[in-house]
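Just target_2.txt here, compact mmCIF, C-alpha atoms:
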# COMPACT_ATOMS: atom_id res chain seq x y z
CA MET A 1 -0.93 7.02 27.01
CA ILE A 2 -1.34 8.61 30.45
CA THR A 3 0.86 10.95 32.40
CA ARG A 4 0.23 10.60 36.12
CA LEU A 5 1.24 13.55 38.26
CA ARG A 6 0.49 14.55 41.82
CA LEU A 7 0.31 18.05 43.28
CA THR A 8 1.57 18.69 46.80
CA THR A 9 1.24 21.84 48.89
CA GLY A 10 3.64 24.46 47.57
CA ALA A 11 5.00 22.18 44.86
CA LEU A 12 4.02 20.07 41.86
CA LEU A 13 5.79 16.74 41.84
CA SER A 14 5.90 14.24 39.02
CA CYS A 15 4.93 10.82 40.37
CA ALA A 16 5.11 8.78 37.18
CA LEU A 17 5.65 9.75 33.60
CA LEU A 18 4.39 6.93 31.45
CA SER A 19 4.97 8.41 28.02
CA SER A 20 7.44 10.58 26.19
CA GLY A 21 6.58 14.02 24.83
CA PRO A 22 3.45 14.18 22.67
CA ALA A 23 3.50 13.97 18.92
CA LEU A 24 2.58 17.22 17.27
CA ALA A 25 -0.84 15.92 16.21
CA ASP A 26 -1.76 14.21 19.51
CA ILE A 27 -5.06 15.20 21.08
CA ASN A 28 -4.09 16.18 24.62
CA VAL A 29 -6.78 15.81 27.28
CA GLY A 30 -6.04 17.21 30.72
CA ILE A 31 -7.65 15.64 33.79
CA VAL A 32 -7.84 17.25 37.25
CA LEU A 33 -9.15 14.94 40.00
CA SER A 34 -9.26 14.75 43.79
CA LEU A 35 -7.23 11.58 44.20
CA THR A 36 -6.25 12.37 47.78
CA GLY A 37 -7.92 14.35 50.58
CA PRO A 38 -11.60 14.40 51.65
CA ALA A 39 -12.92 13.98 48.08
CA ALA A 40 -10.73 10.99 47.21
CA SER A 41 -13.74 8.67 47.14
CA LEU A 42 -14.99 10.74 44.18
CA GLY A 43 -11.71 11.13 42.33
CA GLY A 44 -10.61 7.50 42.55
CA PRO A 45 -13.52 6.01 40.54
CA ALA A 46 -13.26 8.85 38.01
CA LYS A 47 -9.58 8.06 37.48
CA ASN A 48 -10.47 4.40 36.95
CA ALA A 49 -12.98 5.41 34.27
CA VAL A 50 -10.40 7.65 32.57
CA ASP A 51 -8.14 4.59 32.28
CA LEU A 52 -10.90 2.95 30.21
CA LEU A 53 -11.38 5.84 27.76
CA PRO A 54 -10.23 5.35 24.13
CA ARG A 55 -6.63 6.18 23.27
CA ASP A 56 -7.28 6.76 19.58
CA LEU A 57 -9.88 8.68 17.59
CA ASP A 58 -10.00 8.06 13.86
CA GLY A 59 -6.24 7.54 13.77
CA GLU A 60 -5.41 10.51 16.01
CA PRO A 61 -3.69 9.47 19.27
CA ILE A 62 -5.35 10.70 22.45
CA ARG A 63 -3.03 11.45 25.36
CA TYR A 64 -4.43 11.87 28.90
CA ILE A 65 -2.52 13.82 31.54
CA VAL A 66 -3.89 13.29 35.06
CA LEU A 67 -3.19 15.67 37.98
CA ASP A 68 -4.26 15.28 41.60
CA ASP A 69 -5.57 18.45 43.25
CA ALA A 70 -5.55 16.85 46.75
CA SER A 71 -9.14 18.09 47.27
CA ASP A 72 -7.82 21.65 47.40
CA THR A 73 -9.19 24.60 45.42
CA THR A 74 -5.84 26.37 45.05
CA GLN A 75 -4.14 23.24 43.78
CA ALA A 76 -6.98 22.60 41.34
CA ALA A 77 -6.43 26.03 39.79
CA ARG A 78 -2.69 25.46 39.69
CA ALA A 79 -3.21 22.11 37.99
CA PHE A 80 -5.42 23.68 35.31
CA ARG A 81 -2.78 26.27 34.47
CA ARG A 82 -0.03 23.66 34.37
CA LEU A 83 -2.02 21.46 32.01
CA VAL A 84 -2.52 24.38 29.62
CA ASP A 85 0.87 26.07 29.90
CA GLU A 86 3.14 23.03 30.07
CA HIS A 87 1.18 20.21 28.48
CA LYS A 88 -0.69 22.26 25.87
CA VAL A 89 -3.94 20.37 26.42
CA ASP A 90 -6.89 20.88 24.10
CA VAL A 91 -9.58 20.29 26.75
CA ILE A 92 -9.75 19.63 30.49
CA LEU A 93 -12.00 17.27 32.45
CA GLY A 94 -12.42 18.01 36.17
CA THR A 95 -12.42 18.44 38.98
CA SER A 96 -14.20 16.21 41.49
CA VAL A 97 -16.03 18.75 43.70
CA THR A 98 -18.00 21.91 43.05
CA PRO A 99 -15.95 24.54 44.96
CA SER A 100 -12.71 23.59 43.19
CA THR A 101 -14.43 23.36 39.81
CA LEU A 102 -15.90 26.84 40.23
CA ALA A 103 -12.34 28.10 40.64
CA LEU A 104 -11.53 26.67 37.20
CA VAL A 105 -14.36 28.45 35.37
CA PRO A 106 -12.67 31.86 34.98
CA ILE A 107 -9.38 30.18 34.04
CA ALA A 108 -11.12 28.28 31.25
CA GLN A 109 -12.24 31.61 29.80
CA GLU A 110 -8.83 33.21 30.34
CA LYS A 111 -7.00 30.36 28.60
CA GLU A 112 -9.80 29.70 26.10
CA VAL A 113 -9.70 25.98 26.82
CA PRO A 114 -12.97 23.99 27.09
CA LEU A 115 -13.70 22.56 30.53
CA LEU A 116 -15.91 19.48 30.98
CA SER A 117 -16.90 19.53 34.64
CA LEU A 118 -16.87 16.34 36.71
CA ALA A 119 -18.64 18.15 39.55
CA ALA A 120 -22.38 18.61 39.64
CA SER A 121 -23.54 22.08 40.73
CA VAL A 122 -25.66 24.13 38.37
CA LYS A 123 -23.53 27.14 39.34
CA ILE A 124 -20.75 25.70 37.19
CA VAL A 125 -22.77 26.22 34.00
CA GLU A 126 -25.42 28.80 34.95
CA PRO A 127 -26.16 31.61 34.48
CA MET A 128 -24.61 31.51 31.03
CA ASP A 129 -22.04 34.29 30.62
CA ALA A 130 -18.66 34.88 29.01
CA GLN A 131 -16.87 32.62 31.51
CA ARG A 132 -19.33 29.75 31.40
CA ARG A 133 -19.29 29.85 27.63
CA TRP A 134 -16.21 27.61 27.91
CA VAL A 135 -17.68 25.19 30.48
CA PHE A 136 -19.84 22.08 29.95
CA LYS A 137 -20.89 19.05 31.95
CA ALA A 138 -22.57 15.68 31.44
CA ILE A 139 -24.01 15.64 34.97
CA GLN A 140 -27.58 16.55 35.88
CA ASN A 141 -28.32 19.95 37.36
CA GLU A 142 -29.91 19.98 40.80
CA ASN A 143 -33.30 21.08 39.48
CA LEU A 144 -33.97 17.66 37.91
CA MET A 145 -32.93 15.79 41.03
CA VAL A 146 -34.82 18.04 43.45
CA ALA A 147 -37.94 17.69 41.30
CA ALA A 148 -37.69 13.89 41.44
CA THR A 149 -37.08 13.99 45.20
CA LEU A 150 -40.04 16.25 45.93
CA ALA A 151 -42.30 14.24 43.62
CA HIS A 152 -41.43 11.12 45.62
CA MET A 153 -42.14 12.95 48.88
CA LYS A 154 -45.48 14.20 47.61
CA ALA A 155 -46.50 10.76 46.34
CA ASN A 156 -45.81 9.38 49.82
CA GLY A 157 -47.75 12.08 51.67
CA LEU A 158 -44.72 13.84 53.17
CA LYS A 159 -45.37 17.54 53.74
CA THR A 160 -42.43 18.96 55.72
CA LEU A 161 -38.70 18.85 54.97
CA GLY A 162 -35.58 19.45 57.01
CA TYR A 163 -32.29 20.14 55.28
CA ILE A 164 -28.63 19.60 56.14
CA GLY A 165 -25.87 20.11 53.61
CA PHE A 166 -22.30 21.16 52.98
CA ALA A 167 -21.43 24.76 53.84
CA ASP A 168 -20.16 25.37 50.32
CA ALA A 169 -21.39 25.94 46.77
CA TYR A 170 -22.74 22.39 46.50
CA GLY A 171 -24.85 22.83 49.60
CA ASP A 172 -25.89 26.33 48.54
CA SER A 173 -27.21 25.08 45.21
CA TRP A 174 -29.23 22.24 46.67
CA LEU A 175 -30.78 24.37 49.39
CA ALA A 176 -31.71 27.13 46.96
CA GLU A 177 -33.31 24.65 44.57
CA ALA A 178 -35.16 22.84 47.36
CA ARG A 179 -36.61 26.10 48.64
CA LYS A 180 -37.55 27.16 45.12
CA GLN A 181 -39.45 23.97 44.29
CA ALA A 182 -40.84 22.96 47.69
CA ALA A 183 -43.72 25.42 48.03
CA PRO A 184 -45.20 24.73 44.55
CA ALA A 185 -45.04 21.03 45.44
CA GLY A 186 -46.99 21.65 48.65
CA ILE A 187 -43.97 20.95 50.87
CA GLU A 188 -42.60 23.24 53.60
CA VAL A 189 -38.89 23.50 54.42
CA VAL A 190 -39.05 23.76 58.22
CA ALA A 191 -35.34 23.74 59.13
CA SER A 192 -31.94 24.03 57.49
CA GLU A 193 -28.48 23.25 58.86
CA ARG A 194 -24.98 23.24 57.40
CA TYR A 195 -21.70 21.47 58.08
CA VAL A 196 -18.16 21.27 56.71
CA LYS A 197 -17.06 18.11 54.91
CA THR A 198 -14.15 17.67 57.34
CA ASP A 199 -16.40 17.82 60.43
CA THR A 200 -16.41 14.76 62.66
CA SER A 201 -19.75 15.45 64.35
CA VAL A 202 -23.09 17.00 63.39
CA THR A 203 -24.81 16.30 66.69
CA ALA A 204 -25.92 19.90 67.23
CA GLN A 205 -27.35 20.17 63.72
CA THR A 206 -29.10 16.81 64.08
CA LEU A 207 -30.81 17.81 67.32
CA LYS A 208 -32.03 21.07 65.78
CA LEU A 209 -33.43 19.24 62.78
CA MET A 210 -35.20 16.69 64.93
CA GLY A 211 -36.62 19.49 67.06
CA ALA A 212 -38.43 20.81 63.96
CA ARG A 213 -40.08 17.37 63.49
CA PRO A 214 -39.85 17.20 59.68
CA ASP A 215 -41.47 14.33 57.81
CA ALA A 216 -38.23 13.94 55.86
CA VAL A 217 -34.65 15.24 55.83
CA LEU A 218 -32.61 16.02 52.72
CA VAL A 219 -28.84 15.60 53.10
CA ALA A 220 -26.92 17.54 50.43
CA ALA A 221 -23.39 16.17 50.57
CA SER A 222 -21.01 14.13 48.45
CA GLY A 223 -18.70 11.19 49.02
CA THR A 224 -18.10 9.64 52.43
CA PRO A 225 -18.81 12.89 54.36
CA GLY A 226 -22.46 12.38 53.35
CA ALA A 227 -22.58 9.44 55.77
CA LEU A 228 -22.17 11.68 58.84
CA PRO A 229 -25.71 13.18 58.95
CA GLN A 230 -27.20 9.85 57.85
CA LYS A 231 -25.63 8.04 60.80
CA SER A 232 -26.28 10.86 63.26
CA LEU A 233 -29.98 11.06 62.44
CA ARG A 234 -30.58 7.32 62.71
CA GLU A 235 -28.44 6.87 65.82
CA ARG A 236 -30.50 9.53 67.58
CA GLY A 237 -33.76 7.85 66.67
CA TYR A 238 -35.01 9.88 63.73
CA GLN A 239 -37.76 7.77 62.11
CA GLY A 240 -38.64 9.92 59.11
CA ALA A 241 -37.50 9.49 55.52
CA ILE A 242 -33.92 10.49 54.72
CA TYR A 243 -33.16 11.65 51.18
CA GLN A 244 -29.59 12.01 49.95
CA THR A 245 -28.23 13.44 46.69
CA TYR A 246 -26.45 11.72 43.83
CA GLY A 247 -23.20 12.74 45.50
CA ILE A 248 -23.27 9.63 47.73
CA ALA A 249 -23.67 7.03 44.98
CA ASN A 250 -20.55 4.97 45.65
CA ARG A 251 -19.66 1.93 47.73
CA GLU A 252 -17.52 3.92 50.15
CA PHE A 253 -20.65 5.73 51.35
CA LEU A 254 -22.34 2.38 52.00
CA ARG A 255 -19.29 1.15 53.90
CA ILE A 256 -19.03 4.24 56.11
CA ALA A 257 -22.78 4.64 56.72
CA GLY A 258 -23.23 0.94 57.46
CA LYS A 259 -26.61 -0.21 58.70
CA GLU A 260 -27.76 3.39 59.14
CA ALA A 261 -27.80 3.76 55.35
CA GLU A 262 -30.71 1.33 55.09
CA GLY A 263 -33.78 2.93 53.55
CA ALA A 264 -32.08 6.12 52.37
CA LEU A 265 -33.50 7.47 49.11
CA PHE A 266 -31.87 9.57 46.42
CA ALA A 267 -32.40 10.76 42.87
CA VAL A 268 -29.51 9.75 40.63
CA GLY A 269 -28.54 8.96 37.06
CA PRO A 270 -29.84 5.66 35.62
CA VAL A 271 -26.36 4.07 35.54
CA VAL A 272 -26.53 3.26 39.25
CA VAL A 273 -29.35 0.77 38.58
CA ALA A 274 -28.54 -0.05 34.97
CA SER A 275 -29.59 -3.71 35.08
CA GLN A 276 -32.93 -2.77 36.66
CA LEU A 277 -33.98 -0.37 33.88
CA ASP A 278 -36.60 -1.14 31.24
CA PRO A 279 -34.83 -2.83 28.29
CA ALA A 280 -36.56 -0.32 26.00
CA ASN A 281 -34.84 2.59 27.73
CA PRO A 282 -32.01 3.75 25.38
CA ILE A 283 -29.88 4.76 28.36
CA ARG A 284 -29.83 1.18 29.64
CA ALA A 285 -27.55 -0.19 26.91
CA VAL A 286 -24.94 2.54 27.45
CA ALA A 287 -25.15 2.22 31.23
CA MET A 288 -24.82 -1.56 31.07
CA ASP A 289 -21.85 -1.31 28.72
CA LEU A 290 -20.02 1.01 31.13
CA THR A 291 -20.94 -1.11 34.16
CA GLN A 292 -19.64 -4.28 32.52
CA ARG A 293 -16.40 -2.61 31.39
CA TYR A 294 -15.81 -1.05 34.79
CA GLU A 295 -16.62 -4.11 36.89
CA THR A 296 -14.56 -6.36 34.62
CA ALA A 297 -11.60 -4.09 35.31
CA TYR A 298 -12.19 -3.26 38.98
CA GLY A 299 -14.42 -5.95 40.46
CA LYS A 300 -18.07 -6.80 41.04
CA ASP A 301 -20.21 -3.98 42.42
CA SER A 302 -17.35 -1.49 42.05
CA MET A 303 -19.30 0.78 39.68
CA SER A 304 -20.10 4.29 40.99
CA VAL A 305 -21.69 7.44 39.68
CA PHE A 306 -18.32 9.22 39.86
CA ALA A 307 -16.89 6.79 37.35
CA ALA A 308 -19.94 7.47 35.19
CA ASN A 309 -19.35 11.21 35.38
CA ALA A 310 -15.90 10.81 33.81
CA TRP A 311 -17.03 8.21 31.27
CA ASP A 312 -19.99 10.32 30.16
CA ALA A 313 -17.75 13.37 29.76
CA GLY A 314 -15.72 11.19 27.40
CA LEU A 315 -18.84 10.16 25.48
CA VAL A 316 -19.83 13.79 24.96
CA LEU A 317 -16.27 14.74 24.08
CA GLN A 318 -15.68 12.14 21.34
CA PRO A 319 -18.13 13.41 18.68
CA ALA A 320 -17.08 17.00 19.44
CA LEU A 321 -13.43 16.06 18.87
CA LYS A 322 -14.31 14.46 15.54
CA THR A 323 -16.07 17.65 14.45
CA ALA A 324 -13.19 19.87 15.57
CA LEU A 325 -10.62 17.69 13.76
CA ARG A 326 -12.32 18.48 10.46
CA SER A 327 -11.51 22.16 10.79
CA ALA A 328 -8.28 22.53 12.78
CA LYS A 329 -5.17 20.75 14.10
CA PRO A 330 -4.93 19.68 17.77
CA GLY A 331 -2.74 21.90 19.89
CA THR A 332 -3.92 25.14 18.27
CA ALA A 333 -6.22 27.91 19.43
CA GLN A 334 -8.36 27.23 16.37
CA PHE A 335 -8.86 23.62 17.43
CA ARG A 336 -9.86 24.59 20.97
CA MET A 337 -12.39 27.10 19.65
CA ALA A 338 -13.77 24.56 17.18
CA LEU A 339 -14.04 22.04 20.01
CA ARG A 340 -15.92 24.52 22.20
CA ASP A 341 -18.36 25.19 19.38
CA ALA A 342 -18.80 21.47 18.71
CA LEU A 343 -19.55 20.75 22.36
CA GLU A 344 -22.19 23.46 22.33
CA SER A 345 -23.75 21.75 19.30
CA THR A 346 -24.01 18.33 21.00
CA ARG A 347 -27.16 16.56 19.82
CA ASP A 348 -28.83 13.41 21.18
CA VAL A 349 -25.69 11.89 22.72
CA VAL A 350 -26.80 8.96 24.86
CA THR A 351 -24.70 8.64 28.01
CA SER A 352 -24.98 6.32 31.00
CA GLN A 353 -27.02 8.98 32.80
CA GLY A 354 -29.17 10.67 30.19
CA ILE A 355 -29.50 11.99 26.66
CA ALA A 356 -27.60 15.23 26.07
CA THR A 357 -28.63 17.95 23.62
CA MET A 358 -26.79 21.19 24.30
CA SER A 359 -27.24 24.76 23.06
CA PRO A 360 -25.71 28.22 23.60
CA SER A 361 -27.94 28.61 26.67
CA ASP A 362 -27.74 25.03 27.99
CA HIS A 363 -24.34 23.37 28.46
CA VAL A 364 -25.78 20.21 30.06
CA GLY A 365 -28.73 19.26 27.89
CA TYR A 366 -30.38 16.60 30.07
CA ASP A 367 -34.12 16.21 30.66
CA ALA A 368 -36.21 14.22 33.16
CA ARG A 369 -34.96 10.92 31.70
CA ALA A 370 -31.69 11.60 33.52
CA ALA A 371 -33.20 11.18 37.00
CA VAL A 372 -34.37 7.97 38.67
CA MET A 373 -35.26 7.39 42.31
CA VAL A 374 -33.16 4.79 44.13
CA GLN A 375 -33.34 3.35 47.64
CA ILE A 376 -30.66 1.60 49.66
CA LYS A 377 -31.89 -1.86 50.62
CA ASN A 378 -29.71 -4.55 52.19
CA GLY A 379 -26.58 -2.61 51.30
CA ALA A 380 -27.44 -2.27 47.60
CA TRP A 381 -29.08 0.20 45.23
CA ARG A 382 -32.70 -0.61 44.35
CA TYR A 383 -34.63 1.14 41.60
CA VAL A 384 -37.80 2.77 42.94
CA GLN A 385 -39.15 4.77 40.01
How does the structure come out when it is put into structure tokens?
Amino acid sequence: MITRLRLTTGALLSCALLSSGPALADINVGIVLSLTGPAASLGGPAKNAVDLLPRDLDGEPIRYIVLDDASDTTQAARAFRRLVDEHKVDVILGTSVTPSTLALVPIAQEKEVPLLSLAASVKIVEPMDAQRRWVFKAIQNENLMVAATLAHMKANGLKTLGYIGFADAYGDSWLAEARKQAAPAGIEVVASERYVKTDTSVTAQTLKLMGARPDAVLVAASGTPGALPQKSLRERGYQGAIYQTYGIANREFLRIAGKEAEGALFAVGPVVVASQLDPANPIRAVAMDLTQRYETAYGKDSMSVFAANAWDAGLVLQPALKTALRSAKPGTAQFRMALRDALESTRDVVTSQGIATMSPSDHVGYDARAAVMVQIKNGAWRYVQ
């Protein structure tokens, strides 16, 4: 069962209520996604994946309540509170972008409700403190992806790097990690520029980057706004390598970037190139299963990493729910605490993007197996290494 609701500025409006009130023993899972606004290309695939999640766990009904935050931080926070206060959810998945998800972190602690992030930034789960004790994610931290990116640069003899990224927490995290790892890798960051995801031009930033003559440029953005620097650099004749982040791994980016996307490289979870993985890789079977389910439902080549983020959150959640059910009843504070503890004890859960083993100090639990290098060739993802 799913309840679909949409938030609008100044008001929360019910768009469609597809089920009656929950049974007392239902497991209630709240979902906050950016289904409209600049981040809609992230939230849409995640919502599709939520529709494929199981509706029953060992005889216990699972009820999903989906709210749209309209790509707005204030509405994301409002949605979280509504899910807890009105719908009595046991756990929340969301939201689609880092700034809005960071706004949910202190509310998760306040309400003592586990939050499984669908946004990527390491700042969501580190440094571990009282607030982040309630927050988890099944998405790689930037350190793994930056390491893979710099290793590819080094292997190809590239020594200087320019950077352009969002002027927000997502961009902050990627720039900090790039600067931290670049020097030990023998690579110099020679220029850095920022932009806002609603900008329509980055011409000034592009010209400054090109003036520094970097061997490569890293674009730290997500969704369709990541196409703007890609197009600007190529249209102005930049011939160096362009690296993106896993935030652009959907078909909408390819559509918007067009021919200028050709040759772009990015580190991403294995699911994006599931069929190209070694058959002996344990992640391949899970990634292929998701890809087949998703593309059967939504069409050939429709799979995206944002769908995988939601699906993988569900994979991590299911064994934790089973553990929590052995000690408490859904809808109670005891159940939410037991669920938090069970998530923290996640061991060897294979997802479509890695193998998760969490601990009190690590609420992600992925290692280098969760990062592969992919290149865009002829409008498709191609596994590089």
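Those residues that approach Phe166 in chain A to within 7 Å, counting all atoms listed in the file, are Tyr170, Gly171, Arg194, Tyr195, Val196, Lys197, Ala220 and Ala221 of chain A; same-chain residues fewer than 4 positions away are not listed.
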May I have the residues from that selection written out with C-alpha atoms, as a PDB file, keeping the file's coordinate frame?
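Below you can see out02.pdb, which holds the result:
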ATOM      1  CA  TYR A 170     -22.740  22.390  46.500  1.00  0.00           C
ATOM      2  CA  GLY A 171     -24.850  22.830  49.600  1.00  0.00           C
ATOM      3  CA  ARG A 194     -24.980  23.240  57.400  1.00  0.00           C
ATOM      4  CA  TYR A 195     -21.700  21.470  58.080  1.00  0.00           C
ATOM      5  CA  VAL A 196     -18.160  21.270  56.710  1.00  0.00           C
ATOM      6  CA  LYS A 197     -17.060  18.110  54.910  1.00  0.00           C
ATOM      7  CA  ALA A 220     -26.920  17.540  50.430  1.00  0.00           C
ATOM      8  CA  ALA A 221     -23.390  16.170  50.570  1.00  0.00           C
TER       9      ALA A 221
END
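Of note, CA of Tyr383 in chain A and CA of Val268 in chain A are spaced 10.1 Å apart.
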To box range 341-360 of chain A, take all atoms listed in the file, fit an axis-aligned box, add 3 Å on each side, and give centre and edge lengths in Å to one decimal, as JSON.
{"center_x": -23.9, "center_y": 17.3, "center_z": 25.8, "size_x": 17.1, "size_y": 27.9, "size_z": 20.1}
Exercise. Neighbours of range 228-239 of chain A within 8 Å (only C-alpha atoms; same-chain residues fewer than 5 positions away dropped), as a count of residues only?
Worked result: 11
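When the distance limit is 9 Å and all atoms listed in the file are what count, the residues near Arg340 in chain A, minus those fewer than 3 positions from it on the same chain, are Val91, Glu112, Val113, Pro114, Leu115, Arg133, Trp134, Val135, Ala320, Ala324, Phe335, Arg336, Met337, Leu343, Glu344 and Ser345 of chain A.
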Same residues, C-alpha atoms, saved as a PDB file, in the coordinates of the input:
ATOM      1  CA  VAL A  91      -9.580  20.290  26.750  1.00  0.00           C
ATOM      2  CA  GLU A 112      -9.800  29.700  26.100  1.00  0.00           C
ATOM      3  CA  VAL A 113      -9.700  25.980  26.820  1.00  0.00           C
ATOM      4  CA  PRO A 114     -12.970  23.990  27.090  1.00  0.00           C
ATOM      5  CA  LEU A 115     -13.700  22.560  30.530  1.00  0.00           C
ATOM      6  CA  ARG A 133     -19.290  29.850  27.630  1.00  0.00           C
ATOM      7  CA  TRP A 134     -16.210  27.610  27.910  1.00  0.00           C
ATOM      8  CA  VAL A 135     -17.680  25.190  30.480  1.00  0.00           C
ATOM      9  CA  ALA A 320     -17.080  17.000  19.440  1.00  0.00           C
ATOM     10  CA  ALA A 324     -13.190  19.870  15.570  1.00  0.00           C
ATOM     11  CA  PHE A 335      -8.860  23.620  17.430  1.00  0.00           C
ATOM     12  CA  ARG A 336      -9.860  24.590  20.970  1.00  0.00           C
ATOM     13  CA  MET A 337     -12.390  27.100  19.650  1.00  0.00           C
ATOM     14  CA  LEU A 343     -19.550  20.750  22.360  1.00  0.00           C
ATOM     15  CA  GLU A 344     -22.190  23.460  22.330  1.00  0.00           C
ATOM     16  CA  SER A 345     -23.750  21.750  19.300  1.00  0.00           C
TER      17      SER A 345
END
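Every protein, DNA or RNA residue with an atom at most 6 Å from range 117-121 of chain A, where all atoms listed in the file count and chain neighbours fewer than 2 positions away do not, is listed here: Leu93, Gly94, Thr95, Ser96, Val97, Thr98, Lys123, Ile124, Lys137, Ile139, Tyr170 and Asn309 of chain A.
The spacing separating CA of Thr296 in chain A from CA of Val273 in chain A amounts to 16.9 Å.
Minimum distance to Ala368 in chain A across A:Pro330, A:Gly299, A:Gly269, A:Gly258 (counting all atoms listed in the file) occurs at A:Gly269.
Counting all atoms listed in the file, the residue from A:Ala178, A:Val84, A:Leu52, A:Val190 that sits nearest to Thr332 in chain A is A:Val84.
If you measure from each of A:Val384, A:Thr36, A:Tyr294, A:Asn281 to Val350 in chain A using only C-alpha atoms, the closest one turns out to be A:Asn281.
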For this session: Figure out the distance between CA of Val372 in chain A and CA of Gly186 in chain A, please, to one decimal in Å.
Result: 21.1 Å
For this session: Tell me, as a count of residues only, which residues lie within 9 Å of Asn378 in chain A, counting all atoms listed in the file; anything in the same chain fewer than 4 positions away does not count.
Result: 3
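You can rank A:Leu209, A:Asp58, A:Leu42, A:Asp215 by their closest distance to Ala70 in chain A using all atoms listed in the file, and at the top of that list sits A:Leu42.
Counting only C-alpha atoms and comparing A:Pro214, A:Pro99, A:Gly331, A:Pro45, the residue that lies closest to Ala76 in chain A is A:Pro99.
Minimum atom-to-atom distance to Ala338 in chain A, evaluated using only C-alpha atoms, belongs to A:Asp90 out of A:Val105, A:Ala216, A:Asp90, A:Val32.
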